[in-house]
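*Asks:* Sharing a structure here in structure tokens format.
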Amino acid sequence: MIFVFAGVCLLDNPYSIDGIYDYEIPPHLAEEVVPGAFVTVPFGISNRRLIGLVVEVRDQSKYKEHKLIEAVCPDTLSLSEEMLGLCDFMKYRTLCATGDAVRAMVPASALSRLVVYYSVSPDHTPPTSDDLRSSDLFVYQHIAKKREASLTDLRRELGYGVESTLRQLTKQGYLTRRVELKEPSAGLCETLWSPALSPDTCEALIAGRECNGIKLSSQKQRDVLRVLCESDEPLPALSIKEQAHVTDAPIKSLSEKGVIASQKRRIDRNPYASARFVGQTPIALSDEQASALETLSSLAFSGEAKAALLYGVTGSGKTSVMTSLIDRLLEEGKGVILLLPEIALTPQSVSIFCARYGNRVAVIHSGLSSGERYDAYCRIRDGGADVVIGTRSAVFAPVKNLGAIIIDEEQEHTYKSDQNPKYHARDIARYRCAHHKALMLLASATPSLESYRKAEEGIYTLVKLTKRYGNAKLPRVEVVDMRRESAIGNLSPIGSHFAEELCRVTASGEQSVLFLNRRGYNHFVSCRSCGEAILCPSCSVAMTYHTRRGTYADGDLVCHWCGRRQSLPRVCPSCKSEHLSRTGYGTQRVEEELSGLLPQARVLRMDADTTTTKTAYDDMLTSFRRHEADILLGTQMVTKGHDFPDVTLVGVLLADASLYLDDYRASERTFAMLTQVIGRAGRGDKPGLAIVQTNNPDSEIIRLAKEQDYESFYKREIKLRKLLVFPPFCDIALLTLTHHSESELLQATAAFERSFRELAEGEFSDVALVSFGPFEAPVYRVDNKYRMRMVVKCKLNRRTLEFFSRLVCLFSDKTARRISVSVDFNPTNL
């Protein structure tokens, strides 16, 4: 059948107008326009050229008039049937636009893009100050100097507000606008050279004889040909020049004479290619592990979509069970995706799996360059890798014949995206496993309450590991009351008992891990005269004092929300008093305390300030594992997943800080964090000790974490959630309105609330909703944008999602999309 019409979703349309638009397929593109292909089409009254995704092709349309598809983007990328379905699923579940869904699924460098250029119109007289405002004239002159400038460059140089000026100047005829389709990167390639003539002919030419009308008069040309003839494979120019001791000139001459020929070879930018390969060595499993493996294997090979929760105490050998399961899946020709919550965990896992599976492993995370991510994506898509390791975005990897998606430390909030599309990796994994009839395996020592409840209800198969592997024992845990330290005059972040144990462990040649979930030197700076803290000029939050690299004596104020950095003022910005006080402490302050307490000890600090380079995580963890440091100090990067056999002491500073956050998950997160960090101690043959410093030693959460008693914590917390009607007994929708003008935002918020009430009480009166707000966000202003919120308790189903979709579209139409509105279902933070 010949299809005449295509349903196209445009990648740059906002959610409120994101739909399927009918276009006519030109006869010469009939074979190329298929579902999953990317095309360029005209859109709107001005026929703007946009990129769209073909979602369906048909032989008829309900519309009488149609625009033609202009072109099909290069076929280096197209979406499979599964990915098209996943795109629809994400739009339905997260209320995101098609473009957001597509950009989440594929690397940015794999997509074609349209680049807009502006240049001075040759048919119009240059304007003067009498013709244009000074600001518009400045933009015109800026473009005139460049002759032509892309919209991207103009935004970067002049700000996003330049777009309205560009539209006006184009309308007046002073500027011309053109759009160019930029093809996706084909990857990094190198040119290889080989002889283009027969061996006998080449031998004659090397000897200096003329053959077939060709004679090499230059010795350097003969040397190049000799090197290529002696090689068993084509060589790059660099190797030829090194072996023949020549420049590029003789290679070029030989090519022009047709003596040698070139070919392109794609270079796979894989930073983990050099990892040591050992092979699949046998794994010794305990009886409990072997039983867990058999249960999981039966689920994985059942021929149906299954889900399981592997719950095991810290150090119980969950990784060994997962690795054994991967072995079995690979033997049956199935692929596996292993998700990790932190980039910091990736180097350890990559070293384990690359040593075991070699080049069958591909790694995807945000720390890689765009080219490295693109190459990894292509290698997976082409079947060159069937084991994928990575953070949240790796869940979209196009693995062939997917057998399982494993989510390690599944309770972690990093699996939920806080940017559009606001998806949870677990939901994507569930969809993909259903499509492939594969196993979704969640693993953790402290599962989320939602997952453990599903296991209790039989939705997930619960598999338990109750003992540490081998001779390892759970560490002894001591809780230290820091109020007593203050009473005896010890104001150091490190208590006296912990200091003694640090000295003992370091002297014995063993290692320690210190956890403090607060970076910087001081938490904030305030004025002793007026009591005001120094706030970020762009955000309604106090700035944190950070010392400068290489010194503790000098530092800056840093905003942890917008990244702004400024010098520490000498006087209070509010009352001009000189009496400024730095309060609280972070990892930098503790590092300084450690250098005074143990001058000879080697301390590694691991936080967002020290891990800015691509290899920082790997370098630090490898260094600590090699015993090149005695103490590892860090934020939550050091709390989970790491296995350091020589660590016998773990210290937790400010253990109760996260208990008092204004969030219903505060207890759950504190328990998980303490349980995980305590579990880093005593993982080898040596007994471990964990010291928890707190101002609230009587907290039941801290007591349960000390005892590593997850099941008692779960029973306590699930009762509380049920009484207060919080997830998993309901769903929560967080509605956020954002704008740079506070007055406009407040007016829009009132209009938004009216729209909400009208829909909830009218067309959607059958939908059960409990709303709170609107009210200011906890941090009201971020990067000079104000934020208002509503929180809605509901039960997510088709009607509820339809309600929120209608609300967003209705409000966007009323405000002409001037006010940004977002919906986040079951957000990680309220």
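Residues are named by chain letter and number: chains run A, B, ... in the order of the structure tokens, numbers start at 1 in each chain, and ligands are numbered from 1 in the order shown.
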Which polymer residues have any atom within 8 Å of an atom of Glu592 (chain A), counting only C-alpha atoms, with same-chain residues fewer than 4 positions away left out, as a PyMOL selection string?
*Replies:* chain A and resi 552+588+596
*Asks:* Let me see the file: selected residues, C-alpha atoms, as a PDB file, in the first residue's frame.
*Replies:*
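Produced file selection36.pdb, reproduced below:
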ATOM      1  CA  TYR A 552      42.144  27.646  54.499  1.00  0.00           C
ATOM      2  CA  GLN A 588      36.433  21.731  53.989  1.00  0.00           C
ATOM      3  CA  GLY A 596      45.618  19.302  62.601  1.00  0.00           C
TER       4      GLY A 596
END
*Asks:* Excluding Ala307 (chain A) and residues on its chain fewer than 2 positions from it, collect all residues at most 7 Å away from it, counting only C-alpha atoms, and give them as a list in words.
*Replies:*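 Skipping anything fewer than 2 positions along the chain leaves Leu439, Met440, Leu441, Tyr460 and Thr461 of chain A.
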*Asks:* Can you write just those residues out, C-alpha atoms, as a short mmCIF file (atom, residue, chain, number, x, y, z; two decimals), in the first residue's frame?
*Replies:*
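out24.cif, freshly written:
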data_model
loop_
_atom_site.label_atom_id
_atom_site.label_comp_id
_atom_site.auth_asym_id
_atom_site.auth_seq_id
_atom_site.Cartn_x
_atom_site.Cartn_y
_atom_site.Cartn_z
CA LEU A 439 13.08 -9.10 34.28
CA MET A 440 13.16 -5.81 36.18
CA LEU A 441 15.39 -6.40 39.21
CA TYR A 460 7.30 -7.91 43.00
CA THR A 461 8.96 -11.20 43.96
#
*Asks:* Which neighbours of Ser623 (chain A) fall inside 12 Å, counting only C-alpha atoms, when residues of the same chain fewer than 6 positions from it are skipped, and could you give them as a PyMOL selection string?
*Replies:* chain A and resi 347-348+602-606+615-617+629-632+644
*Asks:* Which polymer residues have any atom within 8 Å of an atom of region 496-500 of chain A, counting only C-alpha atoms, with same-chain residues fewer than 2 positions away left out, as a ChimeraX atom specification?
*Replies:* /A:485,490,494,502-504,597,651,691
*Asks:* Go through A:Gly458, A:Ser253, A:Lys640, A:Ala553 one by one, measure the shortest atom-to-atom distance of each to Glu409 (chain A) using only C-alpha atoms, and give the residue with the smallest value.
*Replies:* A:Lys640
*Asks:* If we count only C-alpha atoms and set the cut-off at 9 Å, which residues sit around Tyr452 (chain A), ignoring sequence neighbours fewer than 5 positions away in its own chain? Please answer as a CSV table (one decimal) with C-alpha atoms, in the first residue's frame.
*Replies:*
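The result, written out as out_9.csv:
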chain,number,residue,atom,x,y,z
A,309,LEU,CA,13.2,-7.0,44.7
A,311,TYR,CA,16.8,-7.1,49.5
A,447,PRO,CA,14.5,-0.5,49.6
A,457,GLU,CA,1.7,-7.4,48.1
A,460,TYR,CA,7.3,-7.9,43.0
A,462,LEU,CA,10.9,-10.6,47.2
A,714,TYR,CA,9.5,-0.2,57.4
*Asks:* Can you pull out every residue within 8 Å of Leu653 (chain A), counting only C-alpha atoms, but drop anything in the same chain fewer than 5 positions away, and send it as a ChimeraX atom specification?
*Replies:* /A:493-494,514-516,692-694
*Asks:* So that I can see what lies close to region 637-639 of chain A, please list as a list in words the residues with an atom at most 9 Å from it, counting only C-alpha atoms and leaving out residues fewer than 5 positions away in the same chain.
*Replies:*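 Once the nearby chain positions are removed, what remains is Glu342, Ile343, Ala344, Leu345, Val513, Leu514, Phe515, Met606, Asp607, Leu632, Met673, Leu674, Thr675, Gln676, Val677, Ile678, Gly679 and Arg680 of chain A.
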*Asks:* Mind dumping the selected residues with all heavy atoms as a short mmCIF file (atom, residue, chain, number, x, y, z; two decimals), in the first residue's frame?
*Replies:*
data_model
loop_
_atom_site.label_atom_id
_atom_site.label_comp_id
_atom_site.auth_asym_id
_atom_site.auth_seq_id
_atom_site.Cartn_x
_atom_site.Cartn_y
_atom_site.Cartn_z
N GLU A 342 24.92 6.81 41.26
CA GLU A 342 25.92 7.87 41.28
C GLU A 342 27.03 7.58 40.28
O GLU A 342 27.42 6.43 40.09
CB GLU A 342 26.56 7.98 42.68
CG GLU A 342 25.59 8.26 43.80
CD GLU A 342 25.46 9.75 44.08
OE1 GLU A 342 26.12 10.54 43.37
OE2 GLU A 342 24.70 10.10 44.99
N ILE A 343 27.57 8.64 39.68
CA ILE A 343 28.75 8.48 38.83
C ILE A 343 29.90 7.92 39.66
O ILE A 343 30.74 7.18 39.16
CB ILE A 343 29.15 9.82 38.19
CG1 ILE A 343 28.04 10.34 37.28
CG2 ILE A 343 30.43 9.69 37.40
CD1 ILE A 343 28.32 11.69 36.67
N ALA A 344 29.92 8.25 40.95
CA ALA A 344 31.01 7.80 41.82
C ALA A 344 31.07 6.28 41.92
O ALA A 344 32.13 5.71 42.17
CB ALA A 344 30.85 8.39 43.23
N LEU A 345 29.94 5.59 41.72
CA LEU A 345 29.92 4.13 41.78
C LEU A 345 30.34 3.49 40.47
O LEU A 345 30.68 2.31 40.43
CB LEU A 345 28.51 3.64 42.15
CG LEU A 345 28.02 3.94 43.56
CD1 LEU A 345 26.61 3.41 43.73
CD2 LEU A 345 28.94 3.34 44.60
N VAL A 513 36.51 6.06 56.80
CA VAL A 513 35.63 6.85 55.94
C VAL A 513 34.83 7.79 56.82
O VAL A 513 34.23 7.37 57.82
CB VAL A 513 34.68 5.95 55.13
CG1 VAL A 513 33.62 6.79 54.42
CG2 VAL A 513 35.45 5.11 54.12
N LEU A 514 34.82 9.08 56.47
CA LEU A 514 34.04 10.08 57.20
C LEU A 514 32.97 10.62 56.28
O LEU A 514 33.25 10.99 55.13
CB LEU A 514 34.93 11.24 57.67
CG LEU A 514 35.59 11.11 59.03
CD1 LEU A 514 36.69 10.05 58.95
CD2 LEU A 514 36.18 12.43 59.47
N PHE A 515 31.75 10.71 56.79
CA PHE A 515 30.63 11.18 55.99
C PHE A 515 30.03 12.43 56.62
O PHE A 515 29.67 12.44 57.80
CB PHE A 515 29.56 10.09 55.88
CG PHE A 515 28.23 10.59 55.38
CD1 PHE A 515 28.11 11.17 54.13
CD2 PHE A 515 27.09 10.49 56.17
CE1 PHE A 515 26.89 11.65 53.67
CE2 PHE A 515 25.86 10.96 55.72
CZ PHE A 515 25.76 11.53 54.47
N MET A 606 36.16 14.09 49.00
CA MET A 606 35.37 13.76 47.80
C MET A 606 34.00 14.43 47.91
O MET A 606 33.11 13.96 48.61
CB MET A 606 35.23 12.24 47.69
CG MET A 606 34.66 11.78 46.38
SD MET A 606 34.70 9.96 46.31
CE MET A 606 34.14 9.70 44.64
N ASP A 607 33.87 15.55 47.21
CA ASP A 607 32.58 16.23 47.13
C ASP A 607 32.48 16.93 45.78
O ASP A 607 33.34 16.75 44.91
CB ASP A 607 32.40 17.22 48.30
CG ASP A 607 33.53 18.25 48.38
OD1 ASP A 607 34.12 18.56 47.33
OD2 ASP A 607 33.82 18.73 49.49
N LEU A 632 39.08 8.78 53.84
CA LEU A 632 38.23 9.27 52.76
C LEU A 632 37.10 10.07 53.39
O LEU A 632 36.27 9.52 54.12
CB LEU A 632 37.67 8.12 51.93
CG LEU A 632 36.70 8.51 50.79
CD1 LEU A 632 37.40 9.37 49.75
CD2 LEU A 632 36.11 7.25 50.12
N MET A 673 20.51 6.45 54.47
CA MET A 673 21.85 7.03 54.40
C MET A 673 22.74 6.49 55.52
O MET A 673 23.89 6.09 55.29
CB MET A 673 21.73 8.55 54.50
CG MET A 673 22.96 9.31 54.11
SD MET A 673 22.55 11.05 53.79
CE MET A 673 21.69 11.49 55.31
N LEU A 674 22.20 6.44 56.74
CA LEU A 674 22.99 5.94 57.88
C LEU A 674 23.28 4.45 57.73
O LEU A 674 24.40 3.99 57.98
CB LEU A 674 22.24 6.21 59.19
CG LEU A 674 22.11 7.67 59.61
CD1 LEU A 674 21.29 7.79 60.88
CD2 LEU A 674 23.48 8.29 59.80
N THR A 675 22.28 3.69 57.30
CA THR A 675 22.47 2.25 57.13
C THR A 675 23.55 1.97 56.09
O THR A 675 24.41 1.10 56.28
CB THR A 675 21.15 1.58 56.70
OG1 THR A 675 20.16 1.83 57.70
CG2 THR A 675 21.32 0.08 56.54
N GLN A 676 23.50 2.71 55.00
CA GLN A 676 24.48 2.50 53.92
C GLN A 676 25.88 2.85 54.36
O GLN A 676 26.83 2.11 54.11
CB GLN A 676 24.08 3.32 52.70
CG GLN A 676 22.79 2.87 52.02
CD GLN A 676 22.98 1.62 51.19
OE1 GLN A 676 24.09 1.16 50.98
NE2 GLN A 676 21.89 1.05 50.72
N VAL A 677 26.05 4.01 55.00
CA VAL A 677 27.42 4.43 55.37
C VAL A 677 27.98 3.56 56.48
O VAL A 677 29.18 3.25 56.50
CB VAL A 677 27.44 5.93 55.74
CG1 VAL A 677 26.80 6.20 57.09
CG2 VAL A 677 28.88 6.44 55.73
N ILE A 678 27.14 3.12 57.40
CA ILE A 678 27.60 2.20 58.45
C ILE A 678 28.09 0.90 57.81
O ILE A 678 29.08 0.30 58.24
CB ILE A 678 26.45 1.92 59.46
CG1 ILE A 678 26.21 3.16 60.34
CG2 ILE A 678 26.78 0.70 60.33
CD1 ILE A 678 24.96 3.07 61.19
N GLY A 679 27.41 0.50 56.73
CA GLY A 679 27.77 -0.76 56.06
C GLY A 679 29.08 -0.72 55.31
O GLY A 679 29.55 -1.74 54.80
N ARG A 680 29.75 0.45 55.22
CA ARG A 680 31.07 0.51 54.56
C ARG A 680 32.16 -0.06 55.45
O ARG A 680 33.27 -0.34 54.96
CB ARG A 680 31.44 1.96 54.21
CG ARG A 680 30.55 2.69 53.23
CD ARG A 680 30.20 1.88 52.02
NE ARG A 680 28.81 1.42 52.11
CZ ARG A 680 28.32 0.37 51.49
NH1 ARG A 680 29.09 -0.36 50.72
NH2 ARG A 680 27.06 0.03 51.65
#
*Asks:* Counting only C-alpha atoms, figure out which residue out of A:Ser119, A:Ser255, A:Ser743, A:Ser80 gets nearest to Val399 (chain A).
*Replies:*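 Nearest to Val399 (chain A): A:Ser80.
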*Asks:* Apply DSSP to the structure's backbone, then extract all residues of region 13-65 of chain A labelled strand (DSSP E or B) and return them as a list in words.
*Replies:*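 DSSP on the backbone gives strand (DSSP E or B) at Tyr21, Asp22, Tyr23, Glu24, Phe38, Val39, Thr40, Val41, Pro42, Phe43, Arg48, Arg49, Leu50, Ile51, Gly52, Leu53, Val54, Val55, Glu56, Val57 and Arg58 of chain A.
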*Asks:* Between A:Leu689, A:Thr610, A:Ala204, A:Gln600, which is the closest to Leu474 (chain A) once you count only C-alpha atoms?
*Replies:*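 The answer is A:Leu689, which sits nearest to Leu474 (chain A).
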*Asks:* By how many Å are CA of Leu734 (chain A) and CA of Phe772 (chain A) apart?
*Replies:*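 Going from CA of Leu734 (chain A) over to CA of Phe772 (chain A) covers 9.9 Å.
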*Asks:* Please measure the separation of CA of Leu339 (chain A) and CA of Ser298 (chain A), giving the value in Å to one decimal.
*Replies:* 21.6 Å
*Asks:* With distances taken over only C-alpha atoms, which residue among A:Val39, A:Ile732, A:Leu769, A:Val115 lies nearest Val72 (chain A)?
*Replies:*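 Ranking A:Val39, A:Ile732, A:Leu769, A:Val115 by distance to Val72 (chain A), first place goes to A:Val39.
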*Asks:* Would you write out, as a tab-separated table, a table of all residues in region 705-738 of chain A that have an atom no more than 10 Å from an atom of region 658-670 of chain A, listing for each the closest atom pair and the distance in Å to one decimal, considering only C-alpha atoms and ordering rows by chain and rising residue number?
*Replies:*
residue	atom	partner	partner_atom	distance
A:Ala705	CA	A:Thr670	CA	8.7
A:Phe713	CA	A:Glu668	CA	8.5
A:Tyr714	CA	A:Glu668	CA	8.7
A:Glu717	CA	A:Glu668	CA	7.8
A:Leu720	CA	A:Tyr664	CA	9.9
A:Arg721	CA	A:Tyr664	CA	8.4
A:Leu724	CA	A:Tyr664	CA	9.7
A:Phe726	CA	A:Tyr664	CA	7.7
A:Pro727	CA	A:Tyr664	CA	9.2
*Asks:* Write to file, as an mmCIF file, in the first residue's frame, the residues of the selection just made, with all heavy atoms.
*Replies:*
data_model
loop_
_atom_site.group_PDB
_atom_site.id
_atom_site.type_symbol
_atom_site.label_atom_id
_atom_site.label_comp_id
_atom_site.auth_asym_id
_atom_site.auth_seq_id
_atom_site.Cartn_x
_atom_site.Cartn_y
_atom_site.Cartn_z
ATOM 1 N N ALA A 705 18.734 2.414 62.546
ATOM 2 C CA ALA A 705 19.863 2.360 61.616
ATOM 3 C C ALA A 705 21.077 1.728 62.283
ATOM 4 O O ALA A 705 21.816 0.963 61.647
ATOM 5 C CB ALA A 705 20.205 3.770 61.126
ATOM 6 N N PHE A 713 11.954 -0.661 60.785
ATOM 7 C CA PHE A 713 11.771 0.702 60.291
ATOM 8 C C PHE A 713 10.617 0.746 59.296
ATOM 9 O O PHE A 713 9.780 1.657 59.350
ATOM 10 C CB PHE A 713 13.054 1.199 59.626
ATOM 11 C CG PHE A 713 12.849 2.454 58.826
ATOM 12 C CD1 PHE A 713 12.753 3.684 59.452
ATOM 13 C CD2 PHE A 713 12.698 2.395 57.446
ATOM 14 C CE1 PHE A 713 12.520 4.842 58.717
ATOM 15 C CE2 PHE A 713 12.468 3.545 56.702
ATOM 16 C CZ PHE A 713 12.379 4.769 57.344
ATOM 17 N N TYR A 714 10.557 -0.221 58.394
ATOM 18 C CA TYR A 714 9.504 -0.245 57.391
ATOM 19 C C TYR A 714 8.125 -0.315 58.055
ATOM 20 O O TYR A 714 7.204 0.431 57.683
ATOM 21 C CB TYR A 714 9.692 -1.440 56.465
ATOM 22 C CG TYR A 714 8.511 -1.698 55.560
ATOM 23 C CD1 TYR A 714 8.313 -0.932 54.415
ATOM 24 C CD2 TYR A 714 7.571 -2.687 55.866
ATOM 25 C CE1 TYR A 714 7.215 -1.146 53.593
ATOM 26 C CE2 TYR A 714 6.473 -2.907 55.051
ATOM 27 C CZ TYR A 714 6.299 -2.131 53.915
ATOM 28 O OH TYR A 714 5.206 -2.339 53.112
ATOM 29 N N GLU A 717 7.319 3.108 59.628
ATOM 30 C CA GLU A 717 7.121 4.198 58.679
ATOM 31 C C GLU A 717 5.880 3.991 57.827
ATOM 32 O O GLU A 717 5.167 4.954 57.513
ATOM 33 C CB GLU A 717 8.359 4.336 57.789
ATOM 34 C CG GLU A 717 8.413 5.596 56.965
ATOM 35 C CD GLU A 717 8.604 6.856 57.774
ATOM 36 O OE1 GLU A 717 8.934 6.751 58.979
ATOM 37 O OE2 GLU A 717 8.396 7.952 57.222
ATOM 38 N N LEU A 720 2.793 5.137 59.611
ATOM 39 C CA LEU A 720 2.695 6.598 59.623
ATOM 40 C C LEU A 720 2.235 7.128 58.273
ATOM 41 O O LEU A 720 1.379 8.020 58.204
ATOM 42 C CB LEU A 720 4.061 7.182 60.001
ATOM 43 C CG LEU A 720 4.128 8.692 60.207
ATOM 44 C CD1 LEU A 720 3.210 9.110 61.351
ATOM 45 C CD2 LEU A 720 5.562 9.131 60.491
ATOM 46 N N ARG A 721 2.783 6.579 57.190
ATOM 47 C CA ARG A 721 2.384 7.017 55.848
ATOM 48 C C ARG A 721 0.885 6.748 55.619
ATOM 49 O O ARG A 721 0.202 7.565 54.989
ATOM 50 C CB ARG A 721 3.200 6.283 54.785
ATOM 51 C CG ARG A 721 4.688 6.558 54.806
ATOM 52 C CD ARG A 721 5.055 7.808 54.030
ATOM 53 N NE ARG A 721 6.498 7.972 53.990
ATOM 54 C CZ ARG A 721 7.273 7.548 53.005
ATOM 55 N NH1 ARG A 721 6.738 6.927 51.968
ATOM 56 N NH2 ARG A 721 8.567 7.762 53.049
ATOM 57 N N LEU A 724 -1.265 9.304 57.543
ATOM 58 C CA LEU A 724 -1.193 10.657 56.994
ATOM 59 C C LEU A 724 -1.541 10.712 55.502
ATOM 60 O O LEU A 724 -1.553 11.790 54.919
ATOM 61 C CB LEU A 724 0.213 11.230 57.211
ATOM 62 C CG LEU A 724 0.655 11.369 58.673
ATOM 63 C CD1 LEU A 724 2.100 11.847 58.745
ATOM 64 C CD2 LEU A 724 -0.269 12.324 59.423
ATOM 65 N N PHE A 726 0.168 9.434 52.697
ATOM 66 C CA PHE A 726 1.294 9.791 51.852
ATOM 67 C C PHE A 726 1.683 8.558 51.039
ATOM 68 O O PHE A 726 1.294 7.439 51.373
ATOM 69 C CB PHE A 726 2.480 10.263 52.705
ATOM 70 C CG PHE A 726 2.416 11.725 53.068
ATOM 71 C CD1 PHE A 726 2.159 12.121 54.379
ATOM 72 C CD2 PHE A 726 2.615 12.698 52.110
ATOM 73 C CE1 PHE A 726 2.096 13.460 54.712
ATOM 74 C CE2 PHE A 726 2.559 14.045 52.436
ATOM 75 C CZ PHE A 726 2.300 14.427 53.735
ATOM 76 N N PRO A 727 2.439 8.742 49.956
ATOM 77 C CA PRO A 727 2.855 7.580 49.162
ATOM 78 C C PRO A 727 3.486 6.508 50.046
ATOM 79 O O PRO A 727 4.204 6.852 50.995
ATOM 80 C CB PRO A 727 3.885 8.176 48.193
ATOM 81 C CG PRO A 727 3.464 9.603 48.032
ATOM 82 C CD PRO A 727 2.928 10.003 49.373
#
*Asks:* Go through A:Cys73, A:Ala308, A:Leu801, A:Ala376 one by one, measure the shortest atom-to-atom distance of each to Asn270 (chain A) using only C-alpha atoms, and give the residue with the smallest value.
*Replies:*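 Looking at the shortest contact to Asn270 (chain A), the residue is A:Ala376.
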*Asks:* How far is it from CA of Gly371 (chain A) to CA of Ala108 (chain A), in Å with one decimal?
*Replies:*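 We find that CA of Gly371 (chain A) and CA of Ala108 (chain A) lie 9.6 Å from each other.
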*Asks:* Quick check for you: according to DSSP on this backbone, which residues of region 692-776 of chain A are classed as helix (DSSP H, G or I)? Reply as a ChimeraX atom specification.
*Replies:* /A:700-706,710-724,742-761
*Asks:* Here is a test: counting only C-alpha atoms, which residue of A:Val120, A:Ala750, A:Val34, A:Ala455 is nearest to Lys146 (chain A)?
*Replies:*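 Under the stated criterion, the closest residue is A:Val120.
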